[in-house]
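K.L.:
I am sharing protein_23.csv, which consists of CSV, C-alpha atoms and all ligand atoms:
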```csv
chain,number,residue,atom,x,y,z
A,1,LYS,CA,12.3,4.4,10.4
A,2,SER,CA,11.9,7.9,9.1
A,3,GLN,CA,11.7,10.8,11.5
A,4,LEU,CA,11.1,13.3,8.7
A,5,THR,CA,7.7,14.9,8.2
A,6,TYR,CA,5.5,13.8,5.3
A,7,SER,CA,5.8,17.2,3.8
A,8,ALA,CA,9.6,17.1,3.9
A,9,ARG,CA,9.5,13.7,2.2
A,10,ALA,CA,7.0,15.0,-0.3
A,11,THR,CA,9.5,17.5,-1.6
A,12,THR,CA,12.7,15.4,-1.6
A,13,HIS,CA,11.5,11.9,-2.5
A,14,PRO,CA,13.2,10.5,-5.6
A,15,ASN,CA,9.9,8.8,-6.7
A,16,LEU,CA,7.1,11.0,-8.2
A,17,LEU,CA,4.2,8.9,-6.9
A,18,ALA,CA,5.7,8.7,-3.4
A,19,ARG,CA,5.8,12.5,-3.5
A,20,LYS,CA,2.1,12.5,-4.3
A,21,LEU,CA,1.4,10.0,-1.6
A,22,PHE,CA,3.1,12.1,1.0
A,23,GLN,CA,1.3,15.3,-0.2
A,24,VAL,CA,-2.0,13.5,0.1
A,25,ALA,CA,-1.1,12.3,3.7
A,26,GLU,CA,-0.1,15.8,4.7
A,27,ALA,CA,-3.1,17.6,3.1
A,28,LYS,CA,-5.6,15.2,4.7
A,29,LYS,CA,-3.7,14.6,7.9
A,30,SER,CA,-4.2,10.9,7.3
A,31,ASN,CA,-1.9,7.9,7.0
A,32,VAL,CA,-4.8,5.4,6.8
A,33,THR,CA,-5.2,2.9,4.0
A,34,VAL,CA,-8.5,1.2,4.2
A,35,SER,CA,-8.6,-2.3,2.9
A,36,ALA,CA,-12.1,-2.3,1.3
A,37,ASP,CA,-12.5,-6.1,1.1
A,38,VAL,CA,-16.2,-6.1,0.1
A,39,THR,CA,-17.6,-8.2,-2.7
A,40,THR,CA,-19.9,-5.9,-4.7
A,41,THR,CA,-19.2,-2.8,-6.7
A,42,LYS,CA,-22.0,-0.9,-4.8
A,43,GLU,CA,-20.5,-1.7,-1.4
A,44,LEU,CA,-17.0,-0.8,-2.6
A,45,LEU,CA,-18.0,2.6,-4.1
A,46,ASP,CA,-20.2,3.3,-1.2
A,47,LEU,CA,-17.3,2.7,1.3
A,48,ALA,CA,-14.9,4.7,-0.9
A,49,ASP,CA,-17.3,7.6,-0.9
A,50,ARG,CA,-18.1,7.6,2.8
A,51,LEU,CA,-14.5,6.9,4.0
A,52,GLY,CA,-12.8,8.9,1.3
A,53,PRO,CA,-12.4,12.1,3.3
A,54,TYR,CA,-10.4,10.3,6.1
A,55,ILE,CA,-8.1,8.1,4.2
A,56,ALA,CA,-4.9,8.5,2.1
A,57,VAL,CA,-5.2,5.3,0.1
A,58,LEU,CA,-8.0,2.9,-0.8
A,59,LYS,CA,-6.8,-0.7,-1.1
A,60,THR,CA,-8.8,-3.1,-3.2
A,61,HIS,CA,-8.9,-6.8,-4.0
A,62,ILE,CA,-10.6,-6.3,-7.3
A,63,ASP,CA,-10.9,-10.0,-8.0
A,64,ILE,CA,-13.2,-10.6,-5.1
A,65,LEU,CA,-16.0,-8.5,-6.6
A,66,SER,CA,-18.9,-10.5,-8.0
A,67,ASP,CA,-19.8,-7.8,-10.5
A,68,PHE,CA,-16.6,-6.2,-11.6
A,69,GLY,CA,-16.9,-4.0,-14.7
A,70,GLU,CA,-16.6,-0.5,-16.2
A,71,ALA,CA,-18.8,0.9,-13.5
A,72,THR,CA,-16.3,-0.3,-10.9
A,73,THR,CA,-13.3,1.3,-12.4
A,74,GLU,CA,-15.0,4.5,-13.5
A,75,GLY,CA,-16.5,4.8,-10.0
A,76,LEU,CA,-13.2,4.3,-8.3
A,77,LYS,CA,-11.4,6.8,-10.5
A,78,ALA,CA,-14.0,9.4,-9.9
A,79,LEU,CA,-14.0,8.9,-6.1
A,80,ALA,CA,-10.2,9.0,-6.0
A,81,GLU,CA,-10.4,12.4,-7.7
A,82,LYS,CA,-13.3,13.7,-5.6
A,83,HIS,CA,-11.7,12.7,-2.2
A,84,ASN,CA,-8.0,13.0,-3.2
A,85,PHE,CA,-6.9,9.4,-2.4
A,86,LEU,CA,-4.7,7.0,-4.2
A,87,ILE,CA,-5.8,3.5,-5.3
A,88,PHE,CA,-3.8,0.4,-4.3
A,89,GLU,CA,-4.7,-2.9,-6.0
A,90,ASP,CA,-3.4,-5.6,-3.6
A,91,ARG,CA,-3.0,-8.1,-6.4
A,92,LYS,CA,0.3,-9.6,-5.0
A,93,PHE,CA,1.6,-10.6,-8.4
A,94,VAL,CA,3.8,-13.7,-8.2
A,95,ASP,CA,4.7,-15.3,-11.5
A,96,ILE,CA,7.2,-15.1,-14.4
A,97,GLY,CA,7.7,-11.7,-16.0
A,98,ASN,CA,5.8,-12.6,-19.2
A,99,THR,CA,2.7,-13.6,-17.3
A,100,VAL,CA,2.6,-10.7,-14.8
A,101,GLN,CA,2.9,-8.2,-17.6
A,102,LYS,CA,-0.4,-9.6,-19.0
A,103,GLN,CA,-2.0,-9.7,-15.6
A,104,TYR,CA,-1.1,-6.1,-14.9
A,105,HIS,CA,-1.8,-4.5,-18.2
A,106,GLY,CA,-5.0,-5.4,-20.1
A,107,GLY,CA,-6.9,-8.6,-19.3
A,108,THR,CA,-10.2,-8.7,-17.6
A,109,LEU,CA,-9.2,-6.4,-14.7
A,110,ARG,CA,-7.1,-3.7,-16.6
A,111,ILE,CA,-5.2,-2.9,-13.4
A,112,SER,CA,-2.7,-0.6,-14.9
A,113,GLU,CA,-5.5,1.7,-16.1
A,114,TRP,CA,-6.9,2.6,-12.7
A,115,SER,CA,-4.6,1.5,-9.9
A,116,HIS,CA,-1.8,3.9,-8.8
A,117,ILE,CA,-0.1,1.4,-6.6
A,118,ILE,CA,0.4,-2.4,-7.0
A,119,ASN,CA,2.4,-5.0,-5.1
A,120,CYS,CA,4.3,-8.2,-5.9
A,121,SER,CA,6.0,-11.0,-4.1
A,122,ILE,CA,9.6,-11.5,-5.1
A,123,LEU,CA,9.4,-15.3,-4.9
A,124,PRO,CA,9.9,-15.5,-8.7
A,125,GLY,CA,13.1,-13.5,-8.4
A,126,GLU,CA,14.2,-10.1,-9.7
A,127,GLY,CA,12.5,-10.6,-13.1
A,128,ILE,CA,9.1,-9.8,-11.7
A,129,VAL,CA,10.1,-6.4,-10.6
A,130,GLU,CA,11.8,-5.7,-13.9
A,131,ALA,CA,8.8,-6.9,-15.9
A,132,LEU,CA,6.2,-4.8,-14.0
A,133,ALA,CA,8.5,-1.7,-14.2
A,134,GLN,CA,8.9,-2.2,-17.9
A,135,THR,CA,5.1,-2.2,-18.4
A,136,ALA,CA,4.5,0.8,-16.2
A,137,GLN,CA,7.4,2.8,-17.7
A,138,ALA,CA,6.8,1.9,-21.4
A,139,PRO,CA,7.0,5.0,-23.5
A,140,ASP,CA,3.4,4.5,-24.9
A,141,PHE,CA,1.8,4.0,-21.5
A,142,PRO,CA,0.2,7.3,-20.5
A,143,HIS,CA,0.1,6.9,-16.7
A,144,GLY,CA,3.7,6.0,-16.0
A,145,SER,CA,4.5,8.9,-13.6
A,146,GLU,CA,1.5,7.9,-11.5
A,147,ARG,CA,2.3,4.2,-11.0
A,148,GLY,CA,4.4,2.5,-8.4
A,149,LEU,CA,5.2,-0.8,-6.8
A,150,LEU,CA,5.4,-2.0,-3.2
A,151,ILE,CA,7.4,-5.2,-2.7
A,152,LEU,CA,5.7,-7.6,-0.3
A,153,ALA,CA,8.7,-8.1,2.0
A,154,GLU,CA,6.9,-9.7,5.0
A,155,MET,CA,3.5,-11.0,5.8
A,156,THR,CA,1.3,-10.8,8.8
A,157,SER,CA,-0.1,-14.3,8.8
A,158,LYS,CA,1.1,-16.8,11.3
A,159,GLY,CA,4.0,-18.9,10.1
A,160,SER,CA,4.8,-16.6,7.2
A,161,LEU,CA,7.8,-17.7,5.1
A,162,ALA,CA,8.5,-14.1,3.9
A,163,THR,CA,11.4,-13.7,6.3
A,164,GLY,CA,15.2,-13.8,6.3
A,165,ALA,CA,16.8,-14.1,2.8
A,166,TYR,CA,13.4,-13.4,1.2
A,167,THR,CA,13.1,-10.1,3.0
A,168,SER,CA,16.7,-9.0,2.3
A,169,ALA,CA,16.2,-9.8,-1.4
A,170,SER,CA,13.2,-7.6,-1.3
A,171,VAL,CA,15.4,-4.7,-0.2
A,172,ASP,CA,18.0,-5.6,-2.9
A,173,TYR,CA,15.4,-5.4,-5.7
A,174,ALA,CA,13.9,-2.2,-4.3
A,175,ARG,CA,17.3,-0.7,-4.5
A,176,LYS,CA,17.8,-1.9,-8.0
A,177,TYR,CA,14.5,-0.3,-9.3
A,178,PRO,CA,14.1,2.9,-7.3
A,179,SER,CA,12.2,4.7,-10.0
A,180,PHE,CA,9.3,2.2,-9.9
A,181,VAL,CA,9.6,0.7,-6.4
A,182,LEU,CA,7.9,3.0,-3.8
A,183,GLY,CA,8.7,0.8,-0.9
A,184,PHE,CA,7.4,-2.2,1.0
A,185,VAL,CA,4.5,-3.9,2.5
A,186,SER,CA,6.2,-5.1,5.8
A,187,THR,CA,5.6,-5.1,9.5
A,188,ARG,CA,8.4,-2.7,10.2
A,189,SER,CA,11.0,-0.4,8.7
A,190,LEU,CA,13.5,-2.4,6.7
A,191,ASN,CA,16.4,0.1,7.0
A,192,GLU,CA,18.4,-2.2,9.2
A,193,VAL,CA,17.9,-5.3,7.0
A,194,GLU,CA,21.2,-6.5,5.4
A,195,SER,CA,21.3,-6.1,1.6
A,196,SER,CA,23.9,-6.9,-1.0
A,197,VAL,CA,23.0,-3.6,-2.8
A,198,LYS,CA,24.3,-0.3,-1.5
A,199,ALA,CA,21.6,2.3,-0.5
A,200,ALA,CA,21.4,5.5,-2.6
A,201,SER,CA,22.1,8.6,-0.6
A,202,ASP,CA,18.5,9.8,-1.2
A,203,GLU,CA,16.9,6.5,-0.4
A,204,ASP,CA,13.5,6.8,1.4
A,205,PHE,CA,11.4,3.7,0.9
A,206,VAL,CA,7.8,4.0,2.1
A,207,VAL,CA,6.5,1.4,4.5
A,208,PHE,CA,2.9,0.1,4.4
A,209,THR,CA,1.9,-2.1,7.3
A,210,THR,CA,-1.1,-4.5,7.1
A,211,GLY,CA,-2.7,-6.2,10.0
A,212,VAL,CA,-3.7,-3.1,11.9
A,213,ASN,CA,-6.7,-3.4,14.2
A,214,LEU,CA,-7.7,-1.6,17.4
A,215,SER,CA,-10.1,-4.1,18.8
A,216,SER,CA,-8.7,-7.6,17.9
A,217,LYS,CA,-5.5,-9.5,18.1
A,218,GLY,CA,-6.1,-11.8,15.2
A,219,ASP,CA,-8.6,-14.0,13.4
A,220,LYS,CA,-9.2,-17.8,13.2
A,221,LEU,CA,-7.3,-18.1,10.0
A,222,GLY,CA,-3.9,-16.9,11.2
A,223,GLN,CA,-4.1,-13.2,10.8
A,224,GLN,CA,-2.1,-11.3,13.5
A,225,TYR,CA,-2.9,-7.7,14.4
A,226,GLN,CA,-1.1,-4.8,15.9
A,227,THR,CA,-2.3,-1.3,16.8
A,228,PRO,CA,-1.7,1.9,14.8
A,229,GLN,CA,0.7,3.0,17.6
A,230,SER,CA,2.7,-0.2,17.4
A,231,ALA,CA,2.9,-0.3,13.6
A,232,ILE,CA,3.9,3.3,13.3
A,233,GLY,CA,6.4,3.0,16.1
A,234,ARG,CA,8.0,0.2,14.2
A,235,GLY,CA,8.3,2.3,11.1
A,236,ALA,CA,5.0,2.1,9.2
A,237,ASP,CA,4.4,5.3,7.2
A,238,PHE,CA,0.9,4.1,6.2
A,239,ILE,CA,-1.3,1.7,8.3
A,240,ILE,CA,-3.7,-0.6,6.5
A,241,ALA,CA,-6.9,-1.6,8.2
A,242,GLY,CA,-9.6,-3.8,6.7
A,243,ARG,CA,-12.2,-5.4,9.1
A,244,GLY,CA,-11.2,-3.0,11.9
A,245,ILE,CA,-12.8,-0.2,9.8
A,246,TYR,CA,-15.3,-1.7,7.2
A,247,ALA,CA,-16.8,-4.3,9.6
A,248,ALA,CA,-17.1,-1.9,12.6
A,249,PRO,CA,-20.6,-0.9,13.7
A,250,ASP,CA,-20.0,2.6,12.2
A,251,PRO,CA,-17.2,2.5,9.5
A,252,VAL,CA,-17.0,6.3,9.3
A,253,GLU,CA,-16.5,6.6,13.0
A,254,ALA,CA,-13.9,3.8,12.9
A,255,ALA,CA,-12.0,5.5,10.0
A,256,LYS,CA,-11.9,8.8,11.9
A,257,GLN,CA,-10.5,6.9,15.0
A,258,TYR,CA,-7.8,5.2,13.0
A,259,GLN,CA,-7.0,8.5,11.3
A,260,GLN,CA,-6.6,10.3,14.6
A,261,GLN,CA,-4.6,7.5,16.2
A,262,GLY,CA,-2.4,7.0,13.1
A,263,TRP,CA,-1.7,10.7,12.9
A,264,GLU,CA,-0.9,11.1,16.6
A,265,ALA,CA,1.5,8.1,16.4
A,266,TYR,CA,3.2,9.8,13.4
A,267,LEU,CA,3.5,13.1,15.2
A,268,ALA,CA,5.0,11.3,18.2
A,269,ARG,CA,7.5,9.6,15.9
A,270,ILE,CA,8.7,12.8,14.2
A,271,GLY,CA,8.9,14.4,17.6
A,272,GLY,CA,5.9,16.8,17.4
A,273,ALA,CA,7.2,18.6,14.3
A,274,SER,CA,5.0,19.4,11.3
B,1,LIG,N1,-2.7,-8.4,3.8
B,1,LIG,C1,-2.6,-8.9,5.1
B,1,LIG,N2,-1.3,-9.3,5.5
B,1,LIG,C2,-0.3,-9.3,4.6
B,1,LIG,C3,-0.5,-8.9,3.3
B,1,LIG,N3,-1.7,-8.4,3.0
B,1,LIG,O1,-3.5,-8.9,6.0
B,1,LIG,O2,0.8,-9.8,5.0
B,1,LIG,C4,-4.0,-7.9,3.3
B,1,LIG,C5,-5.2,-8.8,3.3
B,1,LIG,C6,-6.4,-8.0,3.6
B,1,LIG,C7,-5.8,-6.9,4.5
B,1,LIG,O3,-5.3,-9.4,2.0
B,1,LIG,O4,-6.8,-7.3,2.4
B,1,LIG,O5,-4.4,-6.8,4.2
B,1,LIG,C8,-6.0,-7.1,5.9
B,1,LIG,O6,-7.4,-7.1,6.2
B,1,LIG,P1,-7.9,-7.1,7.7
B,1,LIG,O7,-7.5,-5.8,8.4
B,1,LIG,O8,-9.4,-7.2,7.6
B,1,LIG,O9,-7.3,-8.3,8.4
```
Using structure tokens, write down the structure from this file.
P.N.:
Amino acid sequence: KSQLTYSARATTHPNLLARKLFQVAEAKKSNVTVSADVTTTKELLDLADRLGPYIAVLKTHIDILSDFGEATTEGLKALAEKHNFLIFEDRKFVDIGNTVQKQYHGGTLRISEWSHIINCSILPGEGIVEALAQTAQAPDFPHGSERGLLILAEMTSKGSLATGAYTSASVDYARKYPSFVLGFVSTRSLNEVESSVKAASDEDFVVFTTGVNLSSKGDKLGQQYQTPQSAIGRGADFIIAGRGIYAAPDPVEAAKQYQQQGWEAYLARIGGAS
């Protein structure tokens, strides 16, 4: 896990979008990603506007909206500008290269147009990373420097099969595509995971950890939670909370609480510097 400050990582990181991410975290003193798993555009934009000041990243599941359209994406883009947060579409691509390119770029959801960060499973093999990188870094794609990928290296659900050889292949592929791969969605830092690819000297993968909740240990469908302190202690750079924030009696108060606890845990990890 990194003991450097976000501002140090913002100046040295090899990936441009990672620099932006760390700048946002430092400027807003927040490492919170809110998982805005609501099902209408109105609720989504309303949450994004109210929670925007306290978060670094807004994570969407755009395909759960019942009324997705131009208003959704225009609204999200405008709020990301207004509140200085990045957008992460949690699409978890998992298919052959030719298919994921069409799912990412164009189609009904036009994800490449509005989402800074995407993620994928590496179950299909290295080709999925190569295909998504190719689309985002195509010479005629205007947003290339503001797009990045997180590899879903582990999952928080009970009995997850994203372990062992799968997790170490996640590290291999991240190392092979460092200009597009920002880091991982995982439950801990993967620095110690064995990989067949040698780490670059400036390697600094960003760790996003889902399954963060202050008041619950899990749900009835296998979700398993940890606290912001525990996640950040294990190496999370950004904590992702969904129901812990949006389903709280007062989502704004909850976002502030996760922001404060996430930031204190970060300060403790870097040893009070910053
Ligand atoms: N998510 C997980 N675990 C993973 C990967 N992704 O929970 O391993 C996503 C879910 C949901 C959010 O799809 O959007 O993170 C967690 O929501 P919650 O905090 O309400 O449980």
K.L.:
Contacts of segment 224-234 of chain A at 8 Å or less, counting only C-alpha atoms, minus same-chain residues fewer than 2 places along, as a list in words?
P.N.:
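Listed by chain and then number, they are Lys1, Thr156, Ser157, Lys158, Thr187, Arg188, Ser189, Thr209, Gly211, Val212, Asn213, Leu214, Ser216, Lys217, Gly218, Asp219, Gly222, Ala236, Asp237, Phe238, Ile239, Tyr258, Gln261, Gly262, Ala265, Tyr266 and Arg269 of chain A.
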K.L.:
May I ask for the distance between atom CA of Ser215 of chain A and atom CA of Asp46 of chain A, given in Å to one decimal place?
P.N.:
23.6 Å
K.L.:
Residues within 7 Å of ligand LIG 1 (chain B), counting only C-alpha atoms and all ligand atoms: report them as a PyMOL selection string.
P.N.:
chain A and resi 35+37+61+154-157+210-213+223+240-244
K.L.:
Let me make sure I understand: among A:Thr40, A:Ser170, A:Thr135, A:Thr5, which one has the smallest atom-to-atom distance to Gln23 of chain A if we use all atoms listed in the file?
P.N.:
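Under the stated criterion, the closest residue is A:Thr5.
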K.L.:
Using all atoms listed in the file, find the one residue out of A:His105, A:Ala131, A:Leu86, A:Arg110 that sits nearest to Lys20 of chain A.
P.N.:
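Counting all atoms listed in the file, the residue closest to Lys20 of chain A is A:Leu86.
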